[in-house]
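Asker: I have a structure here, written as structure tokens, and I will follow up with some questions on it.
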Amino acid sequence: MANTSFSLPMNLAPDEASPDWMNKGDNAWQLTAATLVGLQSIPGLVILYGGSVKKKWAVNSAFMVLYAFACVIVCWVGWGYRMSFGDRLIPFWGKANVSLDAQHLIEKGFAGKFPNATMVYFQGVFAAITLVLIAGALLGRMNFYAWMLFVPLWLTCSYTVTAFSIWCPTGFLAKLGLIDYSGGYVIHLSSGVAGFTAAYWVGPRLTQDRQRFPPNNIPLMLAGAGFLWMGWTGFNGGDPYVVSTDASLAVINTHICTATSLLTWLTLDYAYFGKPSIIGAVQGMITGLVCITPAAGVVQGWAAILMGICSGSIPWFTMMVVHKRSQLLQKVDDTMAILHTHAIAGSLGGILSGLFAVPKLNRLFYGFSAHYVGLFYGLTNDRAGAGLRQIGVQLLGILFVTAVNILSTSIICLMVQLVVPLRMSEDDMEIGDEAAHGEEAYAIWGDEEDKYELPKAKTAGQVEMT
């Protein structure tokens, strides 16, 4: 038999820039998915928050997002990534180190068939959106200088702990087999609990703002919501770290659950209040996105429908009924209801993951099924013990993330308070953006220019036109 040789086309053949361990398709998708997640924050939540608040807070709310995103990226490459995914220091925390050396960045990542640089970018935008979500609980009164200190401290002392514990292969919850496909615990439960805790320490908005806080631009808010929804394609679709059938399943389940949740919330609004609410629809959209996140690629489509019904009804009930009847909950001014849309929806998704997770799909995602067995499948396959164990691990994860975030966020707020006030002054809160930044969202030439007696000095970034 004649010898035959086989060679790859030149565009697929490995070379120094494309080593044989790297999959060009996987790398391209991972960079795209990361950018989709980044767009959820910039401009997604910039314009969602900017349009959802009173006109006088539009600039401040958008600016809190922009600052958080930039600050997290710098801290992430400085020390955050290695603390979250590097060498183990203790069972729930990694060793701090930089991620800036070119040799390290072009080496193979800890997972997937792409370089560390891609993984640092992908995980960095996840870390950034977590801080951005926390900002939602604090809109309309937090001192911007306090926010500037809070962001790097919380990333360092809280986010890295939960990320390492749950997502790093050597983290203790990862070893126990916690199912958190794309951040129901690490991102949403963390941001919901931390946001509510920080809101407690910062204090409430002005009474008139709490009583009436209409959105200044609903179409703009909807545009931001659209970025959030479509960006979730990368949020959940990028977490298998490979272009695979599991990634496709995660994407379709994300949209199934979200659409179902939105329609469920809309139905309850109409049944209870007599009118469908666009703001309510956005809330239902968000709870659906959050609920499916820990389970996206490990449950079947019918389970995504059931999760959407749960995420559109249970957070609706806690927000519209329980919250309004609880004096304790009402004492904390959670501007964007982050507790309900992220902490409760994220916890719900974590528990439902423990019920609906399919062993085969877990094997596609994790590489083995072992102890990743949803309770319903455990009961039908004579593995009830494994299913009950999975529910126990999911509940343990909720308790751990909640405790870490209450403790770390409280300590950070108390520390920041020693340096600058957490809350703006009453006078500044009366004015809003003009007092905080010397800028307005919808400034019309000559409109209300004498309304406030503010210093005439030029603000940072202001250019004098001649």
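Ligands are numbered from 1 in the order shown, residues from 1 within each chain, and chains are lettered A, B, ... in the order they appear in the structure tokens.
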Name all residues at most 8 Å from Gly288 of chain A (count only C-alpha atoms; drop same-chain ones fewer than 4 positions away) and give them as a ChimeraX atom specification.

Answerer: /A:254,257-262,284,292,307-308,311-312,345

Asker: Need to verify the contact set: segment 54-57 of chain A, 10 Å, only C-alpha atoms, exclusion of same-chain residues closer than 5 positions in sequence. Can you return it as an MDAnalysis selection string?

Answerer: chainID A and resid 49 62:63 139:141 209 212:217 429:436 439:442

Asker: Can you pull out the residues contacting Lys113 of chain A? Cut-off 8 Å, using only C-alpha atoms, and skip same-chain residues under 3 positions away; I want them as a list in words.

Answerer: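 In the requested format, the answer is Trp21, Met22, Asn23, Asp26, Asn27, Lys108, Gly109, Tyr241 and Val242 of chain A.
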
Asker: Apply DSSP to the backbone of this structure and, from segment 59-296 of chain A, keep only the residues in alpha helix (DSSP H); write these as a PyMOL selection string.

Answerer: chain A and resi 59-75+81-85+102-105+116-135+144-154+160-167+172-176+190-202+207-211+218-237+245-273+278-292

Asker: Mind listing the strand (DSSP E or B) residues of segment 53-181 of chain A, per DSSP on the backbone, as a list in words?

Answerer: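 Put together, the selection reads Arg88, Leu89, Ile90, Trp93, Gly94, Lys108, Pro115 and Met142 of chain A.
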
Asker: With only C-alpha atoms as the counted atoms, please give the residues lying no more than 9 Å from segment 359-361 of chain A, apart from itself and same-chain residues fewer than 5 positions off, as a PDB file with C-alpha atoms, in the first residue's frame.

Answerer:
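Okay, this is what ended up in around22.pdb:
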```
ATOM      1  CA  ASP A 246     -23.769  22.024  25.413  1.00  0.00           C
ATOM      2  CA  GLY A 297     -26.499  23.823  29.985  1.00  0.00           C
ATOM      3  CA  VAL A 298     -27.392  21.007  32.372  1.00  0.00           C
ATOM      4  CA  VAL A 299     -31.216  20.964  32.179  1.00  0.00           C
ATOM      5  CA  GLN A 300     -33.690  20.084  29.470  1.00  0.00           C
ATOM      6  CA  TYR A 366     -17.944  18.890  33.608  1.00  0.00           C
ATOM      7  CA  PHE A 368     -17.912  13.440  34.163  1.00  0.00           C
ATOM      8  CA  SER A 369     -21.259  13.057  35.939  1.00  0.00           C
ATOM      9  CA  ALA A 370     -20.125  11.449  39.214  1.00  0.00           C
ATOM     10  CA  HIS A 371     -22.030  13.269  41.959  1.00  0.00           C
ATOM     11  CA  TYR A 372     -23.721  15.810  39.626  1.00  0.00           C
ATOM     12  CA  VAL A 373     -27.198  14.275  39.790  1.00  0.00           C
ATOM     13  CA  GLY A 374     -30.435  16.251  39.971  1.00  0.00           C
ATOM     14  CA  TYR A 377     -33.156  11.959  38.084  1.00  0.00           C
ATOM     15  CA  GLY A 378     -31.740  10.412  41.237  1.00  0.00           C
TER      16      GLY A 378
END
```

Asker: Which of these residues is nearest to Phe400 of chain A, using only C-alpha atoms: A:Thr207, A:Trp265, A:Leu422, A:Ser158?

Answerer: A:Ser158

Asker: Find the residue from A:Tyr121, A:Trp229, A:Phe273, A:Trp316 that sits nearest to Leu48 of chain A; use only C-alpha atoms when measuring.

Answerer: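 Result for the nearest residue to Leu48 of chain A: A:Trp229.
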
Asker: May I ask which of the residues A:Val202, A:Ile351, A:Cys413, A:Leu89 is the closest one to Ser165 of chain A, counting only C-alpha atoms?

Answerer: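 Under the stated criterion, the closest residue is A:Leu89.
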
Asker: Write out as a PyMOL selection string each polymer residue whose atoms come within 8 Å of Gly192 of chain A, counting only C-alpha atoms; drop sequence neighbours fewer than 4 positions from it.

Answerer: chain A and resi 133-134+188+196+338-344

Asker: Work out how far atom CA of Tyr145 of chain A is from atom CA of Val74 of chain A, in Å to one decimal.

Answerer: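 Going from atom CA of Val74 of chain A over to atom CA of Tyr145 of chain A, I get 17.8 Å.
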
Asker: Find the spatial neighbours of Gly203 of chain A, counting only C-alpha atoms, within a cut-off of 7 Å - ignore same-chain residues fewer than 3 positions away - and output them as a list in words.

Answerer: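 My reading of the contact set: Ala199, Tyr200, Asp333 and Arg423 of chain A.
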
Asker: Emit the selected residues as a PDB file, in the first residue's frame, including C-alpha atoms.

Answerer:
```pdb
ATOM      1  CA  ALA A 199     -27.956  49.570  50.924  1.00  0.00           C
ATOM      2  CA  TYR A 200     -28.533  48.986  54.639  1.00  0.00           C
ATOM      3  CA  ASP A 333     -33.808  51.053  50.357  1.00  0.00           C
ATOM      4  CA  ARG A 423     -24.176  58.715  51.714  1.00  0.00           C
TER       5      ARG A 423
END
```

Asker: Residues within 12 Å of Arg82 of chain A, please, as a ChimeraX atom specification. Count only C-alpha atoms; anything in the same chain fewer than 3 positions from it doesn't count.

Answerer: /A:75-79,85-89,93-100,104-105,109-110,116,119-120,123-124,156,160-161,163-164,168

Asker: Hey, can you check how far atom CA of Ile256 of chain A sits from atom CA of Ile305 of chain A?

Answerer: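 That distance, rounded to one decimal, is 6.4 Å.
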
Asker: Nearest to Leu266 of chain A among A:Leu395, A:Ile309, A:Val251, A:Ala127, with distances taken over only C-alpha atoms: which residue is it?

Answerer: A:Ile309

Asker: Which residue gives the smallest distance to Gln30 of chain A among A:Met230, A:Ala117, A:Val72, A:Ile90, with only C-alpha atoms counted?

Answerer: A:Ala117

Asker: Which value, in Å to one decimal, gives the distance between atom CA of Arg205 of chain A and atom CA of Met148 of chain A?

Answerer: 19.1 Å
